[in-house]
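As provided, coords.txt (compact mmCIF, N, CA and C atoms) reads as follows.
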# COMPACT_ATOMS: atom_id res chain seq x y z
N MET A 1 -63.18 46.48 51.50
CA MET A 1 -63.49 46.88 50.15
C MET A 1 -63.47 45.69 49.19
N LEU A 2 -62.54 44.76 49.43
CA LEU A 2 -62.45 43.58 48.58
C LEU A 2 -63.69 42.71 48.73
N ARG A 3 -64.25 42.67 49.93
CA ARG A 3 -65.45 41.86 50.13
C ARG A 3 -66.64 42.43 49.38
N TYR A 4 -66.71 43.75 49.25
CA TYR A 4 -67.77 44.33 48.44
C TYR A 4 -67.58 43.99 46.96
N ALA A 5 -66.35 43.94 46.52
CA ALA A 5 -66.09 43.54 45.14
C ALA A 5 -66.49 42.08 44.91
N VAL A 6 -66.19 41.23 45.87
CA VAL A 6 -66.62 39.83 45.78
C VAL A 6 -68.14 39.73 45.77
N ALA A 7 -68.79 40.56 46.58
CA ALA A 7 -70.26 40.57 46.62
C ALA A 7 -70.84 41.01 45.27
N TRP A 8 -70.23 42.00 44.64
CA TRP A 8 -70.71 42.46 43.32
C TRP A 8 -70.51 41.38 42.26
N VAL A 9 -69.40 40.67 42.32
CA VAL A 9 -69.17 39.59 41.36
C VAL A 9 -70.18 38.46 41.57
N ALA A 10 -70.43 38.12 42.84
CA ALA A 10 -71.42 37.08 43.14
C ALA A 10 -72.81 37.51 42.67
N LEU A 11 -73.13 38.77 42.83
CA LEU A 11 -74.42 39.28 42.37
C LEU A 11 -74.52 39.23 40.85
N ALA A 12 -73.43 39.55 40.17
CA ALA A 12 -73.43 39.47 38.70
C ALA A 12 -73.64 38.04 38.22
N PHE A 13 -72.99 37.07 38.87
CA PHE A 13 -73.19 35.68 38.51
C PHE A 13 -74.61 35.22 38.83
N PHE A 14 -75.18 35.76 39.90
CA PHE A 14 -76.55 35.39 40.25
C PHE A 14 -77.53 35.90 39.19
N VAL A 15 -77.33 37.12 38.74
CA VAL A 15 -78.20 37.66 37.69
C VAL A 15 -78.00 36.87 36.40
N LEU A 16 -76.77 36.51 36.08
CA LEU A 16 -76.50 35.69 34.89
C LEU A 16 -77.21 34.35 34.98
N SER A 17 -77.24 33.77 36.16
CA SER A 17 -77.87 32.46 36.32
C SER A 17 -79.38 32.51 36.12
N CYS A 18 -79.99 33.67 36.31
CA CYS A 18 -81.43 33.79 36.07
C CYS A 18 -81.77 33.66 34.59
N PHE A 19 -80.83 33.97 33.72
CA PHE A 19 -81.04 33.89 32.27
C PHE A 19 -80.47 32.59 31.67
N ALA A 20 -79.81 31.80 32.48
CA ALA A 20 -79.18 30.56 32.02
C ALA A 20 -80.21 29.41 32.01
N PRO A 21 -79.90 28.34 31.28
CA PRO A 21 -80.80 27.18 31.32
C PRO A 21 -80.70 26.46 32.67
N TRP A 22 -81.84 26.14 33.24
CA TRP A 22 -81.89 25.47 34.54
C TRP A 22 -82.20 23.99 34.40
N VAL A 23 -83.00 23.65 33.41
CA VAL A 23 -83.45 22.27 33.26
C VAL A 23 -83.28 21.84 31.80
N THR A 24 -82.77 20.64 31.58
CA THR A 24 -82.79 20.06 30.25
C THR A 24 -83.84 18.96 30.24
N VAL A 25 -84.67 18.99 29.23
CA VAL A 25 -85.77 18.04 29.11
C VAL A 25 -85.55 17.22 27.84
N THR A 26 -85.62 15.92 27.99
CA THR A 26 -85.59 15.03 26.84
C THR A 26 -87.03 14.73 26.47
N THR A 27 -87.41 15.14 25.28
CA THR A 27 -88.80 14.98 24.84
C THR A 27 -89.06 13.55 24.39
N TYR A 28 -90.31 13.28 24.07
CA TYR A 28 -90.69 11.95 23.61
C TYR A 28 -90.09 11.62 22.25
N ALA A 29 -89.70 12.65 21.50
CA ALA A 29 -89.07 12.44 20.19
C ALA A 29 -87.55 12.42 20.30
N ASN A 30 -87.02 12.29 21.53
CA ASN A 30 -85.59 12.25 21.84
C ASN A 30 -84.87 13.55 21.49
N ALA A 31 -85.56 14.66 21.48
CA ALA A 31 -84.94 15.97 21.32
C ALA A 31 -84.67 16.53 22.71
N ILE A 32 -83.66 17.38 22.80
CA ILE A 32 -83.31 17.98 24.09
C ILE A 32 -83.71 19.44 24.07
N GLU A 33 -84.47 19.84 25.05
CA GLU A 33 -84.90 21.24 25.22
C GLU A 33 -84.29 21.80 26.49
N TYR A 34 -83.96 23.08 26.44
CA TYR A 34 -83.43 23.77 27.62
C TYR A 34 -84.46 24.77 28.10
N HIS A 35 -84.71 24.77 29.41
CA HIS A 35 -85.68 25.69 30.00
C HIS A 35 -85.00 26.47 31.11
N GLY A 36 -85.26 27.78 31.13
CA GLY A 36 -84.66 28.64 32.13
C GLY A 36 -85.65 29.10 33.18
N ALA A 37 -85.16 29.86 34.13
CA ALA A 37 -85.98 30.30 35.26
C ALA A 37 -86.98 31.38 34.88
N LEU A 38 -86.79 32.04 33.75
CA LEU A 38 -87.68 33.14 33.37
C LEU A 38 -88.82 32.71 32.46
N GLU A 39 -89.01 31.41 32.31
CA GLU A 39 -90.10 30.93 31.47
C GLU A 39 -91.40 30.88 32.26
N GLU A 40 -92.52 30.88 31.52
CA GLU A 40 -93.82 30.87 32.16
C GLU A 40 -94.06 29.60 32.96
N ALA A 41 -93.58 28.49 32.50
CA ALA A 41 -93.80 27.23 33.20
C ALA A 41 -92.96 27.11 34.47
N PHE A 42 -91.96 27.96 34.59
CA PHE A 42 -91.04 27.86 35.72
C PHE A 42 -91.45 28.73 36.90
N PHE A 43 -92.03 29.86 36.67
CA PHE A 43 -92.66 30.78 37.61
C PHE A 43 -91.79 31.43 38.67
N GLY A 44 -90.51 31.17 38.77
CA GLY A 44 -89.73 31.73 39.87
C GLY A 44 -88.66 32.73 39.49
N GLY A 45 -88.37 32.88 38.22
CA GLY A 45 -87.26 33.73 37.80
C GLY A 45 -87.48 35.20 38.08
N ILE A 46 -88.71 35.66 37.99
CA ILE A 46 -89.00 37.07 38.26
C ILE A 46 -88.71 37.40 39.71
N TYR A 47 -89.06 36.48 40.60
CA TYR A 47 -88.80 36.71 42.02
C TYR A 47 -87.30 36.74 42.30
N LEU A 48 -86.55 35.89 41.62
CA LEU A 48 -85.10 35.88 41.80
C LEU A 48 -84.48 37.18 41.30
N LEU A 49 -84.97 37.69 40.17
CA LEU A 49 -84.46 38.97 39.66
C LEU A 49 -84.83 40.12 40.59
N ALA A 50 -86.01 40.07 41.18
CA ALA A 50 -86.40 41.11 42.14
C ALA A 50 -85.50 41.07 43.38
N LEU A 51 -85.20 39.88 43.86
CA LEU A 51 -84.28 39.77 45.00
C LEU A 51 -82.88 40.25 44.64
N ALA A 52 -82.45 39.99 43.42
CA ALA A 52 -81.14 40.48 42.97
C ALA A 52 -81.12 42.01 42.92
N GLY A 53 -82.22 42.61 42.46
CA GLY A 53 -82.30 44.07 42.43
C GLY A 53 -82.27 44.67 43.82
N LEU A 54 -82.99 44.07 44.76
CA LEU A 54 -82.95 44.57 46.14
C LEU A 54 -81.58 44.38 46.77
N ALA A 55 -80.92 43.27 46.45
CA ALA A 55 -79.56 43.05 46.96
C ALA A 55 -78.60 44.09 46.39
N ALA A 56 -78.77 44.44 45.12
CA ALA A 56 -77.93 45.49 44.52
C ALA A 56 -78.17 46.83 45.20
N LEU A 57 -79.42 47.13 45.51
CA LEU A 57 -79.71 48.38 46.25
C LEU A 57 -79.05 48.36 47.61
N GLY A 58 -79.07 47.20 48.27
CA GLY A 58 -78.40 47.08 49.56
C GLY A 58 -76.89 47.28 49.46
N LEU A 59 -76.29 46.78 48.38
CA LEU A 59 -74.85 47.00 48.19
C LEU A 59 -74.54 48.45 47.88
N LEU A 60 -75.38 49.07 47.05
CA LEU A 60 -75.15 50.48 46.72
C LEU A 60 -75.30 51.38 47.93
N ALA A 61 -76.27 51.09 48.78
CA ALA A 61 -76.53 51.92 49.96
C ALA A 61 -75.68 51.51 51.16
N ARG A 62 -74.83 50.52 50.96
CA ARG A 62 -73.97 50.01 52.04
C ARG A 62 -74.81 49.56 53.23
N ARG A 63 -75.89 48.83 52.93
CA ARG A 63 -76.76 48.24 53.93
C ARG A 63 -76.65 46.72 53.83
N PRO A 64 -75.68 46.14 54.51
CA PRO A 64 -75.46 44.70 54.36
C PRO A 64 -76.63 43.85 54.86
N ALA A 65 -77.44 44.36 55.79
CA ALA A 65 -78.56 43.57 56.28
C ALA A 65 -79.56 43.29 55.16
N LEU A 66 -79.83 44.29 54.33
CA LEU A 66 -80.73 44.10 53.20
C LEU A 66 -80.14 43.12 52.20
N THR A 67 -78.86 43.26 51.94
CA THR A 67 -78.20 42.37 50.98
C THR A 67 -78.18 40.93 51.47
N VAL A 68 -77.86 40.74 52.73
CA VAL A 68 -77.81 39.39 53.29
C VAL A 68 -79.21 38.77 53.31
N THR A 69 -80.21 39.55 53.68
CA THR A 69 -81.58 39.04 53.71
C THR A 69 -82.03 38.60 52.31
N CYS A 70 -81.77 39.43 51.33
CA CYS A 70 -82.15 39.09 49.95
C CYS A 70 -81.37 37.88 49.45
N ALA A 71 -80.10 37.80 49.78
CA ALA A 71 -79.28 36.67 49.34
C ALA A 71 -79.73 35.36 49.99
N VAL A 72 -80.08 35.40 51.26
CA VAL A 72 -80.56 34.19 51.93
C VAL A 72 -81.91 33.76 51.37
N LEU A 73 -82.80 34.73 51.15
CA LEU A 73 -84.09 34.40 50.54
C LEU A 73 -83.90 33.83 49.13
N ALA A 74 -82.97 34.39 48.37
CA ALA A 74 -82.68 33.88 47.03
C ALA A 74 -82.11 32.47 47.10
N CYS A 75 -81.29 32.20 48.08
CA CYS A 75 -80.71 30.87 48.24
C CYS A 75 -81.82 29.85 48.56
N VAL A 76 -82.73 30.21 49.44
CA VAL A 76 -83.83 29.32 49.79
C VAL A 76 -84.76 29.12 48.60
N LEU A 77 -85.09 30.21 47.90
CA LEU A 77 -85.96 30.11 46.73
C LEU A 77 -85.31 29.30 45.62
N THR A 78 -84.01 29.45 45.43
CA THR A 78 -83.29 28.67 44.42
C THR A 78 -83.31 27.19 44.77
N ALA A 79 -83.10 26.88 46.04
CA ALA A 79 -83.15 25.48 46.46
C ALA A 79 -84.55 24.89 46.24
N PHE A 80 -85.57 25.67 46.55
CA PHE A 80 -86.94 25.20 46.35
C PHE A 80 -87.23 25.00 44.86
N LEU A 81 -86.88 26.00 44.05
CA LEU A 81 -87.12 25.88 42.61
C LEU A 81 -86.33 24.73 41.99
N GLY A 82 -85.11 24.55 42.46
CA GLY A 82 -84.28 23.46 41.95
C GLY A 82 -84.84 22.10 42.30
N SER A 83 -85.47 21.99 43.47
CA SER A 83 -86.04 20.70 43.84
C SER A 83 -87.35 20.43 43.10
N GLN A 84 -88.09 21.47 42.73
CA GLN A 84 -89.37 21.31 42.06
C GLN A 84 -89.27 21.31 40.54
N ALA A 85 -88.18 21.83 40.02
CA ALA A 85 -88.07 22.04 38.57
C ALA A 85 -88.16 20.77 37.73
N PRO A 86 -87.42 19.72 38.04
CA PRO A 86 -87.52 18.54 37.15
C PRO A 86 -88.94 17.97 37.10
N GLY A 87 -89.63 17.94 38.22
CA GLY A 87 -91.00 17.43 38.22
C GLY A 87 -91.95 18.32 37.44
N ALA A 88 -91.75 19.63 37.54
CA ALA A 88 -92.63 20.56 36.82
C ALA A 88 -92.37 20.52 35.32
N MET A 89 -91.15 20.22 34.91
CA MET A 89 -90.81 20.21 33.50
C MET A 89 -91.10 18.87 32.83
N MET A 90 -91.57 17.91 33.58
CA MET A 90 -91.89 16.61 32.99
C MET A 90 -93.06 16.70 32.02
N GLN A 91 -93.78 17.80 32.03
CA GLN A 91 -94.88 17.98 31.08
C GLN A 91 -94.37 18.11 29.65
N PHE A 92 -93.08 18.42 29.48
CA PHE A 92 -92.52 18.61 28.15
C PHE A 92 -91.83 17.36 27.60
N GLY A 93 -91.61 16.35 28.43
CA GLY A 93 -90.91 15.17 27.95
C GLY A 93 -90.93 14.05 28.96
N TRP A 94 -90.04 13.10 28.77
CA TRP A 94 -90.03 11.94 29.65
C TRP A 94 -88.89 11.96 30.65
N MET A 95 -87.93 12.88 30.48
CA MET A 95 -86.82 12.98 31.44
C MET A 95 -86.40 14.43 31.59
N ALA A 96 -86.20 14.88 32.83
CA ALA A 96 -85.79 16.26 33.09
C ALA A 96 -84.69 16.26 34.14
N GLU A 97 -83.65 17.06 33.91
CA GLU A 97 -82.52 17.14 34.84
C GLU A 97 -82.10 18.59 35.02
N LEU A 98 -81.59 18.91 36.20
CA LEU A 98 -81.06 20.25 36.45
C LEU A 98 -79.77 20.45 35.68
N THR A 99 -79.51 21.69 35.27
CA THR A 99 -78.26 22.01 34.58
C THR A 99 -77.49 23.06 35.36
N TRP A 100 -76.50 23.63 34.74
CA TRP A 100 -75.57 24.51 35.43
C TRP A 100 -76.20 25.81 35.91
N GLY A 101 -77.28 26.27 35.32
CA GLY A 101 -77.90 27.52 35.73
C GLY A 101 -78.44 27.45 37.15
N ALA A 102 -79.05 26.35 37.50
CA ALA A 102 -79.59 26.18 38.85
C ALA A 102 -78.46 26.11 39.88
N TYR A 103 -77.42 25.40 39.54
CA TYR A 103 -76.29 25.28 40.47
C TYR A 103 -75.56 26.61 40.63
N LEU A 104 -75.43 27.35 39.54
CA LEU A 104 -74.79 28.66 39.60
C LEU A 104 -75.63 29.63 40.44
N ALA A 105 -76.93 29.57 40.32
CA ALA A 105 -77.80 30.44 41.12
C ALA A 105 -77.66 30.14 42.60
N PHE A 106 -77.62 28.88 42.95
CA PHE A 106 -77.48 28.51 44.37
C PHE A 106 -76.12 28.93 44.90
N ALA A 107 -75.06 28.62 44.17
CA ALA A 107 -73.71 28.94 44.63
C ALA A 107 -73.48 30.44 44.71
N SER A 108 -73.96 31.18 43.73
CA SER A 108 -73.71 32.63 43.74
C SER A 108 -74.55 33.33 44.80
N SER A 109 -75.77 32.87 45.07
CA SER A 109 -76.55 33.50 46.13
C SER A 109 -75.95 33.19 47.50
N LEU A 110 -75.42 31.98 47.65
CA LEU A 110 -74.74 31.64 48.90
C LEU A 110 -73.45 32.46 49.06
N ALA A 111 -72.70 32.63 48.00
CA ALA A 111 -71.48 33.45 48.05
C ALA A 111 -71.81 34.91 48.33
N LEU A 112 -72.90 35.40 47.77
CA LEU A 112 -73.32 36.78 48.04
C LEU A 112 -73.68 36.96 49.50
N ALA A 113 -74.38 36.00 50.07
CA ALA A 113 -74.74 36.08 51.49
C ALA A 113 -73.50 36.08 52.37
N MET A 114 -72.54 35.22 52.05
CA MET A 114 -71.32 35.15 52.86
C MET A 114 -70.47 36.40 52.70
N ALA A 115 -70.35 36.91 51.48
CA ALA A 115 -69.53 38.10 51.25
C ALA A 115 -70.14 39.33 51.92
N ALA A 116 -71.46 39.47 51.84
CA ALA A 116 -72.10 40.62 52.46
C ALA A 116 -72.07 40.52 53.98
N THR A 117 -72.14 39.30 54.51
CA THR A 117 -72.04 39.12 55.97
C THR A 117 -70.65 39.49 56.44
N ARG A 118 -69.66 39.05 55.72
CA ARG A 118 -68.28 39.35 56.12
C ARG A 118 -67.96 40.83 55.94
N ALA A 119 -68.57 41.47 54.96
CA ALA A 119 -68.30 42.89 54.73
C ALA A 119 -68.93 43.76 55.81
N SER A 120 -69.97 43.24 56.49
CA SER A 120 -70.65 44.05 57.50
C SER A 120 -69.97 43.99 58.85
N ARG A 121 -69.04 43.09 59.02
CA ARG A 121 -68.38 42.96 60.32
C ARG A 121 -67.33 44.04 60.51
N ARG A 122 -67.38 44.66 61.66
CA ARG A 122 -66.37 45.65 62.03
C ARG A 122 -65.82 45.26 63.39
N PRO A 123 -64.62 45.62 63.70
CA PRO A 123 -64.11 45.32 65.04
C PRO A 123 -64.92 46.08 66.08
N TRP A 124 -65.28 45.39 67.14
CA TRP A 124 -66.08 46.00 68.19
C TRP A 124 -65.18 46.78 69.14
N SER A 125 -65.68 47.89 69.60
CA SER A 125 -64.96 48.67 70.61
C SER A 125 -65.98 49.24 71.58
N ALA A 126 -65.54 49.44 72.80
CA ALA A 126 -66.41 49.98 73.84
C ALA A 126 -66.81 51.41 73.49
N PRO A 127 -68.03 51.85 73.88
CA PRO A 127 -68.51 53.18 73.46
C PRO A 127 -67.62 54.35 73.88
N GLY A 128 -66.97 54.27 75.02
CA GLY A 128 -66.16 55.40 75.47
C GLY A 128 -64.68 55.25 75.19
N SER A 129 -64.28 54.21 74.50
CA SER A 129 -62.86 53.96 74.30
C SER A 129 -62.29 54.85 73.20
N LEU A 130 -60.97 54.87 73.13
CA LEU A 130 -60.30 55.69 72.13
C LEU A 130 -60.56 55.14 70.72
N ASP A 131 -60.72 53.82 70.57
CA ASP A 131 -61.02 53.23 69.27
C ASP A 131 -62.39 53.68 68.75
N ALA A 132 -63.36 53.79 69.64
CA ALA A 132 -64.69 54.23 69.24
C ALA A 132 -64.65 55.67 68.77
N VAL A 133 -63.84 56.49 69.41
CA VAL A 133 -63.71 57.89 68.99
C VAL A 133 -63.03 57.98 67.62
N ARG A 134 -62.03 57.15 67.40
CA ARG A 134 -61.34 57.15 66.11
C ARG A 134 -62.26 56.68 64.99
N GLN A 135 -63.09 55.68 65.26
CA GLN A 135 -63.98 55.17 64.23
C GLN A 135 -65.07 56.16 63.88
N SER A 136 -65.50 56.95 64.85
CA SER A 136 -66.57 57.90 64.57
C SER A 136 -66.04 59.14 63.86
N ALA A 137 -64.77 59.39 63.92
CA ALA A 137 -64.19 60.57 63.29
C ALA A 137 -63.96 60.40 61.81
Turn the structure described in the file into structure tokens.
Amino acid sequence: MLRYAVAWVALAFFVLSCFAPWVTVTTYANAIEYHGALEEAFFGGIYLLALAGLAALGLLARRPALTVTCAVLACVLTAFLGSQAPGAMMQFGWMAELTWGAYLAFASSLALAMAATRASRRPWSAPGSLDAVRQSA
């Protein structure tokens, strides 16, 4: 039960990271702009929110396979977006760097995958054993 609570907290942080600033851009006028994953120039935040919604459905339905799959896909997509983001945001200025939103998205999606994987593990028992009968009851 505690692992499901950890999974819900990781999912909440993942959703929060979708609305957080991912890239800081220093413009040619030396102003600093913050850009998040849900902006038009970034193109990936909607997919991350969709994966978060599917992961939440997996947690609600107690289907850890769906949650783990969505969390792993979100982790891969976050890594891809994080590697492409500074180059894509160079159109707004002369220097672009990742900020805490991208790191939080990666860490929370990884934590969600680990928590959901650990929550799905049950002790194995042989089909005809007394433990299997107790678990099915």
Worksheet item: Between CA of Ala56 (chain A) and CA of Phe43 (chain A), what is the spacing in Å?
Response: 21.9 Å
Counting only N, CA and C atoms, which residues sit no farther than 7 Å from the position (-88.1, 13.2, 24.5) in the file's frame? I'd like them as a PDB file with N, CA and C atoms, keeping the file's coordinate frame.
ATOM      1  N   VAL A  25     -84.670  18.990  29.230  1.00  0.00           N
ATOM      2  CA  VAL A  25     -85.770  18.040  29.110  1.00  0.00           C
ATOM      3  C   VAL A  25     -85.550  17.220  27.840  1.00  0.00           C
ATOM      4  N   THR A  26     -85.620  15.920  27.990  1.00  0.00           N
ATOM      5  CA  THR A  26     -85.590  15.030  26.840  1.00  0.00           C
ATOM      6  C   THR A  26     -87.030  14.730  26.470  1.00  0.00           C
ATOM      7  N   THR A  27     -87.410  15.140  25.280  1.00  0.00           N
ATOM      8  CA  THR A  27     -88.800  14.980  24.840  1.00  0.00           C
ATOM      9  C   THR A  27     -89.060  13.550  24.390  1.00  0.00           C
ATOM     10  N   TYR A  28     -90.310  13.280  24.070  1.00  0.00           N
ATOM     11  CA  TYR A  28     -90.690  11.950  23.610  1.00  0.00           C
ATOM     12  C   TYR A  28     -90.090  11.620  22.250  1.00  0.00           C
ATOM     13  N   ALA A  29     -89.700  12.650  21.500  1.00  0.00           N
ATOM     14  CA  ALA A  29     -89.070  12.440  20.190  1.00  0.00           C
ATOM     15  C   ALA A  29     -87.550  12.420  20.300  1.00  0.00           C
ATOM     16  N   ASN A  30     -87.020  12.290  21.530  1.00  0.00           N
ATOM     17  CA  ASN A  30     -85.590  12.250  21.840  1.00  0.00           C
ATOM     18  C   ASN A  30     -84.870  13.550  21.490  1.00  0.00           C
ATOM     19  N   ALA A  31     -85.560  14.660  21.480  1.00  0.00           N
ATOM     20  CA  ALA A  31     -84.940  15.970  21.320  1.00  0.00           C
ATOM     21  C   ALA A  31     -84.670  16.530  22.710  1.00  0.00           C
ATOM     22  N   ILE A  32     -83.660  17.380  22.800  1.00  0.00           N
ATOM     23  CA  ILE A  32     -83.310  17.980  24.090  1.00  0.00           C
ATOM     24  C   ILE A  32     -83.710  19.440  24.070  1.00  0.00           C
ATOM     25  N   PHE A  92     -93.080  18.420  29.480  1.00  0.00           N
ATOM     26  CA  PHE A  92     -92.520  18.610  28.150  1.00  0.00           C
ATOM     27  C   PHE A  92     -91.830  17.360  27.600  1.00  0.00           C
ATOM     28  N   GLY A  93     -91.610  16.350  28.430  1.00  0.00           N
ATOM     29  CA  GLY A  93     -90.910  15.170  27.950  1.00  0.00           C
ATOM     30  C   GLY A  93     -90.930  14.050  28.960  1.00  0.00           C
ATOM     31  N   TRP A  94     -90.040  13.100  28.770  1.00  0.00           N
ATOM     32  CA  TRP A  94     -90.030  11.940  29.650  1.00  0.00           C
ATOM     33  C   TRP A  94     -88.890  11.960  30.650  1.00  0.00           C
ATOM     34  N   MET A  95     -87.930  12.880  30.480  1.00  0.00           N
ATOM     35  CA  MET A  95     -86.820  12.980  31.440  1.00  0.00           C
ATOM     36  C   MET A  95     -86.400  14.430  31.590  1.00  0.00           C
TER      37      MET A  95
END
Discussion item. List as a list in words the protein and nucleic acid residues near Ala102 (chain A), meaning an atom at most 8 Å away when only N, CA and C atoms are counted, but skip any in the same chain fewer than 3 places from it.
Written reply: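 Near neighbours after the sequence-gap exclusion: Ser17, Cys18, Ala20, Pro21, Trp22, Val23, Ala37, Thr78, Ala79, Leu81, Gly82, Leu98, Thr99, Ala105, Phe106, Ala107 and Ser108 of chain A.
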Discussion item. Considering only alpha helix (DSSP H) as DSSP defines it on the backbone, what residues of chain A qualify? List them as a ChimeraX atom specification.
Written reply: /A:2-19,45-60,64-88,100-120,130-136
Worksheet entry | Close residues, Val9 (chain A) itself excluded, 8 Å, all atoms listed in the file, min 5 positions apart in chain, as number ranges by chain | A: 3-4, 14-15, 108, 111-112
Worksheet entry | Protein and nucleic acid residues near (-71.1, 42.4, 52.1) (cut-off 10 Å, only C-alpha atoms) as a list in words | Met1, Leu2, Arg3, Tyr4, Ala5, Val6, Ala7, Trp8, Ala55, Gly58, Leu59, Arg62, Arg63, Pro64, Ala65, Leu66, Thr67, Val68, Ala111, Leu112, Ala113, Met114, Ala115, Ala116, Thr117, Arg118, Ala119, Ser120 and Arg121 of chain A
Worksheet item: For the atom pair atom C of Tyr34 (chain A) and atom C of Leu110 (chain A), what is the interatomic distance in Å to one decimal place?
Response: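 It comes out at 24.9 Å.
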As a PDB file with N, CA and C atoms, in the coordinates of the input, which residues of region 5-137 of chain A does DSSP assign to strand (DSSP E)?
ATOM      1  N   PRO A  21     -79.900  28.340  31.280  1.00  0.00           N
ATOM      2  CA  PRO A  21     -80.800  27.180  31.320  1.00  0.00           C
ATOM      3  C   PRO A  21     -80.700  26.460  32.670  1.00  0.00           C
ATOM      4  N   TRP A  22     -81.840  26.140  33.240  1.00  0.00           N
ATOM      5  CA  TRP A  22     -81.890  25.470  34.540  1.00  0.00           C
ATOM      6  C   TRP A  22     -82.200  23.990  34.400  1.00  0.00           C
ATOM      7  N   VAL A  23     -83.000  23.650  33.410  1.00  0.00           N
ATOM      8  CA  VAL A  23     -83.450  22.270  33.260  1.00  0.00           C
ATOM      9  C   VAL A  23     -83.280  21.840  31.800  1.00  0.00           C
ATOM     10  N   THR A  24     -82.770  20.640  31.580  1.00  0.00           N
ATOM     11  CA  THR A  24     -82.790  20.060  30.250  1.00  0.00           C
ATOM     12  C   THR A  24     -83.840  18.960  30.240  1.00  0.00           C
ATOM     13  N   VAL A  25     -84.670  18.990  29.230  1.00  0.00           N
ATOM     14  CA  VAL A  25     -85.770  18.040  29.110  1.00  0.00           C
ATOM     15  C   VAL A  25     -85.550  17.220  27.840  1.00  0.00           C
ATOM     16  N   THR A  26     -85.620  15.920  27.990  1.00  0.00           N
ATOM     17  CA  THR A  26     -85.590  15.030  26.840  1.00  0.00           C
ATOM     18  C   THR A  26     -87.030  14.730  26.470  1.00  0.00           C
ATOM     19  N   ILE A  32     -83.660  17.380  22.800  1.00  0.00           N
ATOM     20  CA  ILE A  32     -83.310  17.980  24.090  1.00  0.00           C
ATOM     21  C   ILE A  32     -83.710  19.440  24.070  1.00  0.00           C
ATOM     22  N   GLU A  33     -84.470  19.840  25.050  1.00  0.00           N
ATOM     23  CA  GLU A  33     -84.900  21.240  25.220  1.00  0.00           C
ATOM     24  C   GLU A  33     -84.290  21.800  26.490  1.00  0.00           C
ATOM     25  N   TYR A  34     -83.960  23.080  26.440  1.00  0.00           N
ATOM     26  CA  TYR A  34     -83.430  23.770  27.620  1.00  0.00           C
ATOM     27  C   TYR A  34     -84.460  24.770  28.100  1.00  0.00           C
ATOM     28  N   HIS A  35     -84.710  24.770  29.410  1.00  0.00           N
ATOM     29  CA  HIS A  35     -85.680  25.690  30.000  1.00  0.00           C
ATOM     30  C   HIS A  35     -85.000  26.470  31.110  1.00  0.00           C
ATOM     31  N   GLY A  36     -85.260  27.780  31.130  1.00  0.00           N
ATOM     32  CA  GLY A  36     -84.660  28.640  32.130  1.00  0.00           C
ATOM     33  C   GLY A  36     -85.650  29.100  33.180  1.00  0.00           C
ATOM     34  N   MET A  95     -87.930  12.880  30.480  1.00  0.00           N
ATOM     35  CA  MET A  95     -86.820  12.980  31.440  1.00  0.00           C
ATOM     36  C   MET A  95     -86.400  14.430  31.590  1.00  0.00           C
ATOM     37  N   ALA A  96     -86.200  14.880  32.830  1.00  0.00           N
ATOM     38  CA  ALA A  96     -85.790  16.260  33.090  1.00  0.00           C
ATOM     39  C   ALA A  96     -84.690  16.260  34.140  1.00  0.00           C
ATOM     40  N   GLU A  97     -83.650  17.060  33.910  1.00  0.00           N
ATOM     41  CA  GLU A  97     -82.520  17.140  34.840  1.00  0.00           C
ATOM     42  C   GLU A  97     -82.100  18.590  35.020  1.00  0.00           C
ATOM     43  N   LEU A  98     -81.590  18.910  36.200  1.00  0.00           N
ATOM     44  CA  LEU A  98     -81.060  20.250  36.450  1.00  0.00           C
ATOM     45  C   LEU A  98     -79.770  20.450  35.680  1.00  0.00           C
TER      46      LEU A  98
END
Worksheet item: For Ala10 (chain A), which residue out of A:Gln91, A:Thr24, A:Ser109, A:Gln84 is the nearest one, using only C-alpha atoms?
Response: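 Counting only C-alpha atoms, the residue closest to Ala10 (chain A) is A:Ser109.
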Worksheet item: Interatomic distance between atom N of Leu77 (chain A) and atom N of Ala61 (chain A)?
Response: 22.7 Å
Can you tell me, as lines of an AutoDock Vina configuration file, the centre and edge lengths (Å, one decimal) of the axis-aligned box enclosing all of region 74-86 of chain A's listed atoms after padding each side by 3 Å?
center_x = -85.0
center_y = 26.2
center_z = 43.4
size_x = 14.7
size_y = 22.4
size_z = 18.7
Practice prompt. Counting only C-alpha atoms, figure out which residue out of A:Gly87, A:Thr69, A:Trp100, A:Phe19 gets nearest to Glu39 (chain A).
Written response: A:Phe19
Practice prompt. Identify which of the residues A:Leu49, A:Glu33, A:Phe42, A:Val76 lies closest to Ala88 (chain A), counting only C-alpha atoms when measuring atom-to-atom distances.
Written response: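 The answer is A:Phe42, which sits nearest to Ala88 (chain A).
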